[in-house]
Amino acid sequence: MNETTANNEQTPAGVGPWGLKLAGVGAALPPKVLTNADLTAWMDTSDEWIRERTGIGERRLGGTTSGLATEAARAAIEAANVSPDEIEQVILATTSPDYMLPGTAPAVARELGIDCGAFDLQAACSGWVYGLVVANGLITQGMNKVLVIGAETLDRMTDYHDRGTGILFGNGAGAVVVERDETNQGQLLSWDLGSNGQHVHILYSEHDGKIQMDGREVFRQAVTVIQRSATNALERAGLTVDDVDLVIPHQANIRIVEAAWKRLGFSMDKTEMVLEHTGNTSAASIPLALDSALTKGRIDSGSTVLFVGFGAGMTWASAVVRWA
Ligand code: UT7
């Protein structure tokens, strides 16, 4: 398949009889903070260099993936004002599960006291957006409420003595209760999911290993796929850059976002960033930024929100949501 065409034909506006509502959002960050200044104690780097090259000031360490996922999910369930037993499916996007086997989602469901389907989704930093699209499919098939979580404990996979990767990654979780919207006001207007397995070795980790990365190549590929994926999603929704009220990109490196936005014509003013205080939290980064945008009141009923994820695989995923 041509790299530029994603294999997901879809109706541009409206994807079934049901609308979709992101009814409640929650976030969790472990309390331990690792600042850039802390890193300089054992690494030849500086706060100035890290901020300038990445936009990161600090990252969080500690916790477990299931623990952070559960904390974020509880907050999302409370914000959605639903009872946990109304959740019909748990999707946990993670690249750092508690165990190799089993998946972490069943443990999260159990902690929440809910008895429903639960599975992990591994699409690296694009995972939460993949999960949103899967949730939309389940809702189109008749489900009412799906919990889509992104949670990571990347500190277990990061060598904090390696200048190329140790400055980037941190832990966190974000969760969203995705509901059927009978009014049809809220919609997943379009999406774009893609991958290119040719680039597996630019960002990977062996079992029980640490993250290995060709940073420059990841940077280069990321800018290209963001531009292509966001363009595909907007075209499928019949929208232009000017129609988007807020963009929530994967929080990897502010320069990646700025470079892609320059090509696309987006402004940073319309972009929610939490990277400075979280570092790169892979699948958790987009729901963490969504939680922040809602807290700041940046999303209203009728807002058009574009999510753009990209990461190891390589994978990428964009989705355009009209807010209920
Ligand atoms: O979810 C996706 C996850 N991955 C990413 O987002 C990674 C994308 N890539 C990046 O973010 C960047 O490539 C990095 C931040 C990892 C590196 O930044 P860069 O601008 O690509 O730096 P570079 O690797 O081209 O290195 C430039 C210089 C080199 O020195 P010389 O050879 O010019 O003397 C490096 O040795 O910067 C040096 N350097 C550092 N200096 C201070 C590399 N890392 C550091 C560091 N502190 N941490």
# chains A, B, ... in the order shown; residues from 1 in each chain; ligands from 1
$ residues_near_ligand --ligand "ligand 1" --cutoff "9 Å" --atoms "only C-alpha atoms and all ligand atoms" --output "ChimeraX atom specification"
/A:40,43-50,52-54,124-126,162-169,203,213-220,222,250-256,280-283,309-312
$ closest_atom_pairs --of "stretch 52-90 of chain A" --to "stretch 171-189 of chain A" --cutoff "10 Å" --atoms "only C-alpha atoms" --output "CSV"
residue,atom,partner,partner_atom,distance
A:Arg59,CA,A:Asn171,CA,7.3
A:Arg60,CA,A:Asn171,CA,5.4
A:Leu61,CA,A:Asn171,CA,5.5
A:Gly62,CA,A:Asn171,CA,7.0
A:Gly63,CA,A:Asn171,CA,7.9
A:Thr64,CA,A:Asn171,CA,8.8
A:Thr65,CA,A:Ala173,CA,7.8
A:Ser66,CA,A:Ala173,CA,9.4
A:Gly67,CA,A:Ala173,CA,9.2
A:Leu68,CA,A:Ala173,CA,5.6
A:Ala69,CA,A:Ala173,CA,5.5
A:Thr70,CA,A:Ala173,CA,8.7
A:Glu71,CA,A:Ala173,CA,8.1
A:Ala72,CA,A:Ala175,CA,5.4
A:Ala73,CA,A:Ala175,CA,5.1
A:Arg74,CA,A:Ala175,CA,8.5
A:Ala75,CA,A:Ala175,CA,8.0
A:Ala76,CA,A:Val176,CA,5.6
A:Ile77,CA,A:Val177,CA,6.4
A:Glu78,CA,A:Val177,CA,9.6
A:Ala79,CA,A:Val177,CA,8.7
A:Ala80,CA,A:Val177,CA,6.6
A:Asn81,CA,A:Val177,CA,9.8
A:Val82,CA,A:Val177,CA,9.0
A:Ile87,CA,A:Val177,CA,8.2
A:Val90,CA,A:Val177,CA,9.5
$ residues_around --residues "A:Trp316" --least-positions-apart "3" --cutoff "12 Å" --atoms "only C-alpha atoms" --output "MDAnalysis selection string"
chainID A and resid 3:4 6 123:130 191:197 221:230 232:233 249:250 283 307:313 319
$ residues_around --residues "stretch 292-305 of chain A" --least-positions-apart "2" --cutoff "12 Å" --atoms "only C-alpha atoms" --output "PyMOL selection string"
chain A and resi 21-28+76+79+174+176+184-191+230+233-234+237+239-249+269-275+277-278+285-290+307-308+318-324
$ select_by_dssp --residues "stretch 92-148 of chain A" --states "strand (DSSP E)" --output "PyMOL selection string"
chain A and resi 92-93+117-121+145-148
$ write_last_selection --atoms "C-alpha atoms" --output "PDB file, in the first residue's frame"
ATOM      1  CA  LEU A  92      -6.211   1.132  27.526  1.00  0.00           C
ATOM      2  CA  ALA A  93      -3.676   2.570  25.101  1.00  0.00           C
ATOM      3  CA  GLY A 117     -14.623  -6.044  28.177  1.00  0.00           C
ATOM      4  CA  ALA A 118     -11.117  -4.684  28.665  1.00  0.00           C
ATOM      5  CA  PHE A 119      -8.101  -4.753  26.363  1.00  0.00           C
ATOM      6  CA  ASP A 120      -4.796  -2.988  25.802  1.00  0.00           C
ATOM      7  CA  LEU A 121      -4.084  -1.174  22.562  1.00  0.00           C
ATOM      8  CA  LYS A 145     -20.238   4.210  27.058  1.00  0.00           C
ATOM      9  CA  VAL A 146     -16.610   3.313  26.396  1.00  0.00           C
ATOM     10  CA  LEU A 147     -13.670   4.342  28.568  1.00  0.00           C
ATOM     11  CA  VAL A 148     -10.598   5.250  26.498  1.00  0.00           C
TER      12      VAL A 148
END
$ decode --residues "stretch 39-74 of chain A" --atoms "N, CA and C atoms" --output "tab-separated table (two decimals), in the first residue's frame"
chain	number	residue	atom	x	y	z
A	39	LEU	N	18.67	16.59	35.96
A	39	LEU	CA	19.40	15.79	34.97
A	39	LEU	C	20.85	16.24	34.83
A	40	THR	N	21.08	17.55	34.99
A	40	THR	CA	22.45	18.06	34.80
A	40	THR	C	23.41	17.53	35.88
A	41	ALA	N	22.86	16.95	36.95
A	41	ALA	CA	23.71	16.40	38.01
A	41	ALA	C	24.52	15.20	37.51
A	42	TRP	N	23.97	14.46	36.52
A	42	TRP	CA	24.69	13.28	36.03
A	42	TRP	C	24.81	13.22	34.51
A	43	MET	N	24.34	14.25	33.83
A	43	MET	CA	24.36	14.22	32.36
A	43	MET	C	24.94	15.53	31.84
A	44	ASP	N	25.69	15.45	30.75
A	44	ASP	CA	26.28	16.66	30.16
A	44	ASP	C	25.20	17.35	29.32
A	45	THR	N	24.36	18.13	29.98
A	45	THR	CA	23.28	18.84	29.30
A	45	THR	C	22.96	20.08	30.11
A	46	SER	N	21.97	20.85	29.68
A	46	SER	CA	21.59	22.05	30.44
A	46	SER	C	20.09	22.28	30.28
A	47	ASP	N	19.55	23.00	31.26
A	47	ASP	CA	18.12	23.36	31.19
A	47	ASP	C	17.85	24.13	29.90
A	48	GLU	N	18.76	25.04	29.57
A	48	GLU	CA	18.59	25.88	28.37
A	48	GLU	C	18.52	25.01	27.10
A	49	TRP	N	19.47	24.06	26.99
A	49	TRP	CA	19.52	23.21	25.78
A	49	TRP	C	18.23	22.41	25.67
A	50	ILE	N	17.80	21.79	26.77
A	50	ILE	CA	16.61	20.92	26.71
A	50	ILE	C	15.36	21.74	26.36
A	51	ARG	N	15.22	22.90	27.02
A	51	ARG	CA	14.05	23.73	26.73
A	51	ARG	C	14.04	24.20	25.27
A	52	GLU	N	15.20	24.64	24.81
A	52	GLU	CA	15.27	25.18	23.45
A	52	GLU	C	15.03	24.09	22.40
A	53	ARG	N	15.60	22.89	22.60
A	53	ARG	CA	15.49	21.83	21.59
A	53	ARG	C	14.21	21.01	21.70
A	54	THR	N	13.55	21.06	22.89
A	54	THR	CA	12.37	20.19	23.06
A	54	THR	C	11.14	20.90	23.61
A	55	GLY	N	11.33	21.96	24.38
A	55	GLY	CA	10.19	22.61	25.05
A	55	GLY	C	9.87	21.97	26.40
A	56	ILE	N	10.72	21.02	26.83
A	56	ILE	CA	10.44	20.30	28.08
A	56	ILE	C	11.21	20.94	29.24
A	57	GLY	N	10.51	21.12	30.37
A	57	GLY	CA	11.15	21.66	31.57
A	57	GLY	C	11.28	20.62	32.67
A	58	GLU	N	10.31	19.70	32.71
A	58	GLU	CA	10.32	18.65	33.74
A	58	GLU	C	9.45	17.49	33.28
A	59	ARG	N	9.61	16.35	33.95
A	59	ARG	CA	8.79	15.19	33.66
A	59	ARG	C	8.51	14.49	34.97
A	60	ARG	N	7.49	13.61	35.00
A	60	ARG	CA	7.11	12.92	36.23
A	60	ARG	C	7.56	11.47	36.19
A	61	LEU	N	7.96	10.96	37.35
A	61	LEU	CA	8.40	9.56	37.46
A	61	LEU	C	7.59	8.84	38.53
A	62	GLY	N	7.59	7.51	38.45
A	62	GLY	CA	6.96	6.69	39.48
A	62	GLY	C	5.55	6.30	39.16
A	63	GLY	N	4.95	5.56	40.08
A	63	GLY	CA	3.60	5.05	39.88
A	63	GLY	C	3.62	3.78	39.04
A	64	THR	N	2.45	3.23	38.81
A	64	THR	CA	2.32	2.07	37.91
A	64	THR	C	1.35	2.45	36.81
A	65	THR	N	1.43	1.76	35.69
A	65	THR	CA	0.53	2.08	34.58
A	65	THR	C	-0.92	1.84	35.00
A	66	SER	N	-1.20	0.71	35.66
A	66	SER	CA	-2.59	0.45	36.08
A	66	SER	C	-3.04	1.47	37.13
A	67	GLY	N	-2.14	1.85	38.03
A	67	GLY	CA	-2.52	2.80	39.09
A	67	GLY	C	-2.83	4.18	38.52
A	68	LEU	N	-1.99	4.67	37.62
A	68	LEU	CA	-2.23	5.98	37.01
A	68	LEU	C	-3.48	5.94	36.13
A	69	ALA	N	-3.63	4.83	35.39
A	69	ALA	CA	-4.82	4.68	34.52
A	69	ALA	C	-6.09	4.70	35.36
A	70	THR	N	-6.06	4.01	36.50
A	70	THR	CA	-7.25	3.95	37.36
A	70	THR	C	-7.58	5.33	37.92
A	71	GLU	N	-6.53	6.05	38.35
A	71	GLU	CA	-6.76	7.39	38.92
A	71	GLU	C	-7.37	8.33	37.87
A	72	ALA	N	-6.82	8.30	36.66
A	72	ALA	CA	-7.35	9.16	35.59
A	72	ALA	C	-8.78	8.74	35.23
A	73	ALA	N	-9.01	7.43	35.19
A	73	ALA	CA	-10.34	6.92	34.82
A	73	ALA	C	-11.38	7.33	35.86
A	74	ARG	N	-11.02	7.25	37.14
A	74	ARG	CA	-11.97	7.67	38.20
A	74	ARG	C	-12.37	9.13	38.00
